[in-house]
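The structure appears below as structure tokens.
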Amino acid sequence: MFDVKNEKQLAAEAAVGLVKEGMIIGLGSGSTAAFAIEAIGKLVAGGMQLSGIPTSVASEVLAKEAGIPLTTLEENPVVDLTIDGADRFDDRLNLIKGGGGAMLREKIVASCSKRLVIITDAGKYANPLSGFPVPVEVVPFSHHPIALQFEEQGLRPVIRQREGAPFVTDEGNYILDLQIDQIDNPQELERKLDLPGVVGHGLFTGMADELFMGDGNSVQHFTRDPSST
Ligand SMILES: O=C[C@H](O)[C@H](O)[C@H](O)COP(=O)(O)O
């Protein structure tokens with residue numbers, strides 16, 4: 001049995017090999033992205049000039065600890081490279097993200113990025129996407145009617161809880177986790193999620209350019225064919 005942490009670290013370090021002097025870097029969220037933030041911090045400590053845009057409060061804390069100078073999308077609306085984790089990915093590099101609830105800011109930063117590089121351990125591959133709920137971020141005012149509509153569509157929403165109360169995202173919203181067994185058509189599902197009160201969700205289709213997957217003691221590299229989504 002290979003060490004999942006080691007796979008995450010190997011993938012993160014491979015992706016950080018793409019970081020160059022002067023870049024604006026999107027800093028992903030989660031345990032795999034944390035390894036990337038640590039490795040980017042080492043580049044900064046070694047004298048490389050760059051700036052980071054964190055995708056969550058937790059990543060901002062890690063980035064500050066690592067000594068990475070931070071910037072914002074107001075100052076730098078174009079991000080050179082974003083390195084982020086994922087909960088599942090398929091053959092076309094469609095993703096499920098948001099296990100930690102950070103998918104809204106992650107998708108905003110990804111959409112501003114010239115290059116989105118995903119880093120995972122080998123357990124995240126699932127083709128078709130399956131084995132992980134799809135998180136949908138909703139404004140609290142709307143969570144009940146949206147949950148009813150999702151139920152009617154057979155999407156099996158469950159409100160995410162923490163310590164007996166709804167989990168609250170960095171943006172002050174709630175999350176409905178859709179318990180979908182298997183996603184045969186991610187684009188079709190995305191269209192179903194577009195309801196008033198939904199501010200974002202963890203399905204990322206056609207966004208990831210590349211993916212590094214730690215696999216035992218090696219790393220596999222995948223690139224997305226832009227003509228196939
Ligand atoms: O909200 C969390 C993010 O989308 C993470 O990138 C994702 O959940 C993967 O996290 P981890 O690297 O901890 O498995």
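So you can find residues: chains in the structure tokens are A, B, ... in the order shown, residues in each start at 1, and ligands are numbered from 1 in order.
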**OP:** Would you mind listing the residues within 6 Å of ligand 1, counting only C-alpha atoms and all ligand atoms, as number ranges by chain?
**Re:** A: 29-33, 84-87, 97-103
Original post:
Near Ile180 of chain A, counting only C-alpha atoms, which residues have an atom at most 12 Å away, once you skip same-chain residues fewer than 2 positions from it, shown as a list in words?
Top reply: Ile96, Pro128, Leu129, Ser130, Gly131, Phe132, Pro133, Val134, Pro135, Phe150, Glu151, Gln153, Gly154, Leu155, Arg156, Pro157, Val158, Leu176, Asp177, Leu178, Gln182, Ile183, Asp184, Asn185, Pro186 and Leu189 of chain A
Original post:
If you count only C-alpha atoms, which residues fall within 12 Å of Val168 of chain A, apart from same-chain ones fewer than 4 positions away, as an MDAnalysis selection string?
Top reply: chainID A and resid 100:102 137:140 159:164 172:176
Export C-alpha atoms of the chosen residues as a PDB file, in the first residue's frame?
ATOM      1  CA  GLY A 100     -13.199  21.374   1.836  1.00  0.00           C
ATOM      2  CA  GLY A 101     -15.836  23.863   0.671  1.00  0.00           C
ATOM      3  CA  ALA A 102     -13.442  26.163  -1.213  1.00  0.00           C
ATOM      4  CA  GLU A 137     -22.801  26.509  -2.768  1.00  0.00           C
ATOM      5  CA  VAL A 138     -26.076  28.345  -2.131  1.00  0.00           C
ATOM      6  CA  VAL A 139     -26.959  31.587  -0.398  1.00  0.00           C
ATOM      7  CA  PRO A 140     -28.540  30.608   2.943  1.00  0.00           C
ATOM      8  CA  ILE A 159     -26.869  20.006   3.572  1.00  0.00           C
ATOM      9  CA  ARG A 160     -23.262  19.954   4.760  1.00  0.00           C
ATOM     10  CA  GLN A 161     -23.031  20.132   8.545  1.00  0.00           C
ATOM     11  CA  ARG A 162     -20.309  20.984  10.983  1.00  0.00           C
ATOM     12  CA  GLU A 163     -20.812  20.463  14.711  1.00  0.00           C
ATOM     13  CA  GLY A 164     -24.584  20.203  14.374  1.00  0.00           C
ATOM     14  CA  GLY A 172     -20.849  33.034   4.165  1.00  0.00           C
ATOM     15  CA  ASN A 173     -22.930  30.512   2.196  1.00  0.00           C
ATOM     16  CA  TYR A 174     -24.229  26.954   2.746  1.00  0.00           C
ATOM     17  CA  ILE A 175     -23.318  23.806   0.808  1.00  0.00           C
ATOM     18  CA  LEU A 176     -25.690  21.145  -0.547  1.00  0.00           C
TER      19      LEU A 176
END
Subject >> For Ser227 of chain A: contacts at 12 Å, only C-alpha atoms, fewer than 6 positions along chain excluded, given as a PyMOL selection string >> reply: chain A and resi 92+206+209
Write a file of the just-selected residues containing N, CA and C atoms, as a compact mmCIF listing (two decimals), in the first residue's frame.
# COMPACT_ATOMS: atom_id res chain seq x y z
N ARG A 92 -11.15 13.12 -19.17
CA ARG A 92 -11.12 14.42 -19.88
C ARG A 92 -10.70 15.55 -18.95
N GLY A 206 -13.83 21.25 -18.50
CA GLY A 206 -13.07 22.01 -19.50
C GLY A 206 -12.19 23.10 -18.91
N ASP A 209 -6.03 22.28 -17.36
CA ASP A 209 -5.18 22.09 -18.55
C ASP A 209 -4.31 20.86 -18.40
Subject >> Close residues, Asn127 of chain A itself excluded, 8 Å, only C-alpha atoms, min 3 positions apart in chain, as number ranges by chain >> reply: A: 89-91, 130
Subject >> All residues 8 Å or closer to segment 37-40 of chain A, only C-alpha atoms, same chain fewer than 5 positions away omitted, as number ranges by chain >> reply: A: 12-13, 16, 19, 27, 59, 62-63, 66, 68
Take the residues from that selection and write them out as a PDB file, in the first residue's frame, keeping C-alpha atoms.
ATOM      1  CA  ALA A  12       2.648  18.973  -5.764  1.00  0.00           C
ATOM      2  CA  GLU A  13       6.412  19.199  -6.199  1.00  0.00           C
ATOM      3  CA  VAL A  16       5.710  23.549  -8.600  1.00  0.00           C
ATOM      4  CA  VAL A  19       6.659  28.062 -11.346  1.00  0.00           C
ATOM      5  CA  LEU A  27      -2.726  28.974  -4.571  1.00  0.00           C
ATOM      6  CA  SER A  59      -4.585  28.767   2.090  1.00  0.00           C
ATOM      7  CA  LEU A  62      -0.536  28.727   4.938  1.00  0.00           C
ATOM      8  CA  ALA A  63       0.851  31.095   2.305  1.00  0.00           C
ATOM      9  CA  ALA A  66       5.392  30.003   4.014  1.00  0.00           C
ATOM     10  CA  ILE A  68       4.762  33.941  -0.031  1.00  0.00           C
TER      11      ILE A  68
END
**OP:** From the DSSP assignment of the backbone, select every residue of segment 1-214 of chain A that is strand (DSSP E or B), and format the answer as a VMD selection string.
**Re:** chain A and resid 24 to 27 51 to 54 70 79 81 to 84 88 to 89 95 to 96 113 116 to 121 125 129 to 130 134 to 138 157 to 159 161 to 162 165 to 166 174 to 178 182 to 183 198 to 201 203 to 204 210 to 214
Subject >> Test item: residues at most 10 Å from Ile108 of chain A, only C-alpha atoms, excluding those fewer than 5 positions along its chain, as a ChimeraX atom specification >> reply: /A:55,73,103,113,200
For the selection you just gave me, I'd like the residues written to a file as a PDB file, in the first residue's frame, keeping N, CA and C atoms.
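Dumped everything to again-v6.pdb:
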ATOM      1  N   THR A  55      -6.879  30.762  -2.592  1.00  0.00           N
ATOM      2  CA  THR A  55      -8.260  30.445  -2.946  1.00  0.00           C
ATOM      3  C   THR A  55      -9.133  30.168  -1.718  1.00  0.00           C
ATOM      4  N   LEU A  73      -7.005  39.737  -6.949  1.00  0.00           N
ATOM      5  CA  LEU A  73      -7.492  39.805  -8.337  1.00  0.00           C
ATOM      6  C   LEU A  73      -7.744  41.253  -8.768  1.00  0.00           C
ATOM      7  N   MET A 103     -14.649  25.620  -3.295  1.00  0.00           N
ATOM      8  CA  MET A 103     -14.744  25.586  -4.765  1.00  0.00           C
ATOM      9  C   MET A 103     -15.155  26.905  -5.420  1.00  0.00           C
ATOM     10  N   SER A 113      -7.083  32.228 -14.789  1.00  0.00           N
ATOM     11  CA  SER A 113      -5.734  31.679 -14.936  1.00  0.00           C
ATOM     12  C   SER A 113      -5.430  31.277 -16.373  1.00  0.00           C
ATOM     13  N   GLY A 200     -22.270  28.817  -6.879  1.00  0.00           N
ATOM     14  CA  GLY A 200     -21.139  28.068  -7.440  1.00  0.00           C
ATOM     15  C   GLY A 200     -21.293  26.599  -7.137  1.00  0.00           C
TER      16      GLY A 200
END
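Distance-wise, atom CA of Glu65 of chain A and atom CA of Phe35 of chain A end up 12.7 Å apart.
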Picked from chain A by DSSP as helix (DSSP H, G or I), as a PDB file with C-alpha atoms, in the first residue's frame:
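Result file follows (result04.pdb):
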ATOM      1  CA  VAL A   4      -1.239   8.793  -0.025  1.00  0.00           C
ATOM      2  CA  LYS A   5       0.516  11.754   1.605  1.00  0.00           C
ATOM      3  CA  ASN A   6       3.668  10.919  -0.314  1.00  0.00           C
ATOM      4  CA  GLU A   7       1.691  10.751  -3.581  1.00  0.00           C
ATOM      5  CA  LYS A   8       0.203  14.187  -2.862  1.00  0.00           C
ATOM      6  CA  GLN A   9       3.609  15.651  -2.101  1.00  0.00           C
ATOM      7  CA  LEU A  10       5.204  14.177  -5.236  1.00  0.00           C
ATOM      8  CA  ALA A  11       2.406  15.559  -7.428  1.00  0.00           C
ATOM      9  CA  ALA A  12       2.648  18.973  -5.764  1.00  0.00           C
ATOM     10  CA  GLU A  13       6.412  19.199  -6.199  1.00  0.00           C
ATOM     11  CA  ALA A  14       6.153  18.199  -9.859  1.00  0.00           C
ATOM     12  CA  ALA A  15       3.641  20.992 -10.498  1.00  0.00           C
ATOM     13  CA  VAL A  16       5.710  23.549  -8.600  1.00  0.00           C
ATOM     14  CA  SER A  31      -4.126  18.964   1.786  1.00  0.00           C
ATOM     15  CA  THR A  32      -2.467  18.445  -1.624  1.00  0.00           C
ATOM     16  CA  ALA A  33      -2.346  22.157  -2.428  1.00  0.00           C
ATOM     17  CA  ALA A  34      -0.787  22.669   1.017  1.00  0.00           C
ATOM     18  CA  PHE A  35       2.274  20.727  -0.190  1.00  0.00           C
ATOM     19  CA  ALA A  36       2.464  23.032  -3.225  1.00  0.00           C
ATOM     20  CA  ILE A  37       2.236  26.129  -1.036  1.00  0.00           C
ATOM     21  CA  GLU A  38       5.080  24.779   1.105  1.00  0.00           C
ATOM     22  CA  ALA A  39       7.223  24.119  -1.989  1.00  0.00           C
ATOM     23  CA  ILE A  40       6.462  27.577  -3.440  1.00  0.00           C
ATOM     24  CA  GLY A  41       7.479  29.065  -0.090  1.00  0.00           C
ATOM     25  CA  LYS A  42      10.862  27.381  -0.500  1.00  0.00           C
ATOM     26  CA  LEU A  43      11.283  28.995  -3.935  1.00  0.00           C
ATOM     27  CA  VAL A  44      10.543  32.400  -2.387  1.00  0.00           C
ATOM     28  CA  ALA A  45      13.003  31.701   0.435  1.00  0.00           C
ATOM     29  CA  VAL A  57      -8.808  31.636   4.107  1.00  0.00           C
ATOM     30  CA  ALA A  58      -6.940  28.439   5.084  1.00  0.00           C
ATOM     31  CA  SER A  59      -4.585  28.767   2.090  1.00  0.00           C
ATOM     32  CA  GLU A  60      -4.002  32.417   2.880  1.00  0.00           C
ATOM     33  CA  VAL A  61      -2.854  31.421   6.370  1.00  0.00           C
ATOM     34  CA  LEU A  62      -0.536  28.727   4.938  1.00  0.00           C
ATOM     35  CA  ALA A  63       0.851  31.095   2.305  1.00  0.00           C
ATOM     36  CA  LYS A  64       1.670  33.725   4.923  1.00  0.00           C
ATOM     37  CA  GLU A  65       3.378  31.091   7.073  1.00  0.00           C
ATOM     38  CA  MET A 103     -14.744  25.586  -4.765  1.00  0.00           C
ATOM     39  CA  LEU A 104     -16.266  29.035  -5.333  1.00  0.00           C
ATOM     40  CA  ARG A 105     -13.050  31.014  -4.914  1.00  0.00           C
ATOM     41  CA  GLU A 106     -11.124  28.167  -6.545  1.00  0.00           C
ATOM     42  CA  LYS A 107     -13.246  28.388  -9.675  1.00  0.00           C
ATOM     43  CA  ILE A 108     -12.984  32.191  -9.785  1.00  0.00           C
ATOM     44  CA  VAL A 109      -9.188  32.048  -9.582  1.00  0.00           C
ATOM     45  CA  ALA A 110      -9.098  29.164 -12.095  1.00  0.00           C
ATOM     46  CA  SER A 111     -11.215  31.169 -14.533  1.00  0.00           C
ATOM     47  CA  ALA A 122      -3.900   8.093  -7.358  1.00  0.00           C
ATOM     48  CA  GLY A 123      -7.156   7.511  -5.448  1.00  0.00           C
ATOM     49  CA  LYS A 124      -8.798  10.533  -7.095  1.00  0.00           C
ATOM     50  CA  PRO A 140     -28.540  30.608   2.943  1.00  0.00           C
ATOM     51  CA  PHE A 141     -31.869  32.337   2.087  1.00  0.00           C
ATOM     52  CA  SER A 142     -32.379  29.926  -0.808  1.00  0.00           C
ATOM     53  CA  HIS A 143     -31.131  26.609   0.556  1.00  0.00           C
ATOM     54  CA  HIS A 144     -34.509  25.010   1.299  1.00  0.00           C
ATOM     55  CA  PRO A 145     -36.294  25.633  -2.037  1.00  0.00           C
ATOM     56  CA  ILE A 146     -33.125  24.710  -3.934  1.00  0.00           C
ATOM     57  CA  ALA A 147     -32.847  21.451  -1.979  1.00  0.00           C
ATOM     58  CA  LEU A 148     -36.494  20.677  -2.861  1.00  0.00           C
ATOM     59  CA  GLN A 149     -35.814  21.277  -6.570  1.00  0.00           C
ATOM     60  CA  PHE A 150     -32.702  19.091  -6.484  1.00  0.00           C
ATOM     61  CA  GLU A 151     -34.693  16.351  -4.730  1.00  0.00           C
ATOM     62  CA  GLU A 152     -37.358  16.507  -7.447  1.00  0.00           C
ATOM     63  CA  PRO A 186     -20.974  16.515 -16.439  1.00  0.00           C
ATOM     64  CA  GLN A 187     -22.053  19.358 -18.748  1.00  0.00           C
ATOM     65  CA  GLU A 188     -25.696  18.292 -18.569  1.00  0.00           C
ATOM     66  CA  LEU A 189     -25.481  18.183 -14.770  1.00  0.00           C
ATOM     67  CA  GLU A 190     -23.935  21.671 -14.706  1.00  0.00           C
ATOM     68  CA  ARG A 191     -26.972  23.017 -16.562  1.00  0.00           C
ATOM     69  CA  LYS A 192     -29.303  21.499 -13.931  1.00  0.00           C
TER      70      LYS A 192
END
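Between Leu95 of chain A and the candidates A:Ala126, A:Val219, A:Ile24, A:Ala165, the tightest atom-to-atom separation, counting only C-alpha atoms, involves A:Ala126.
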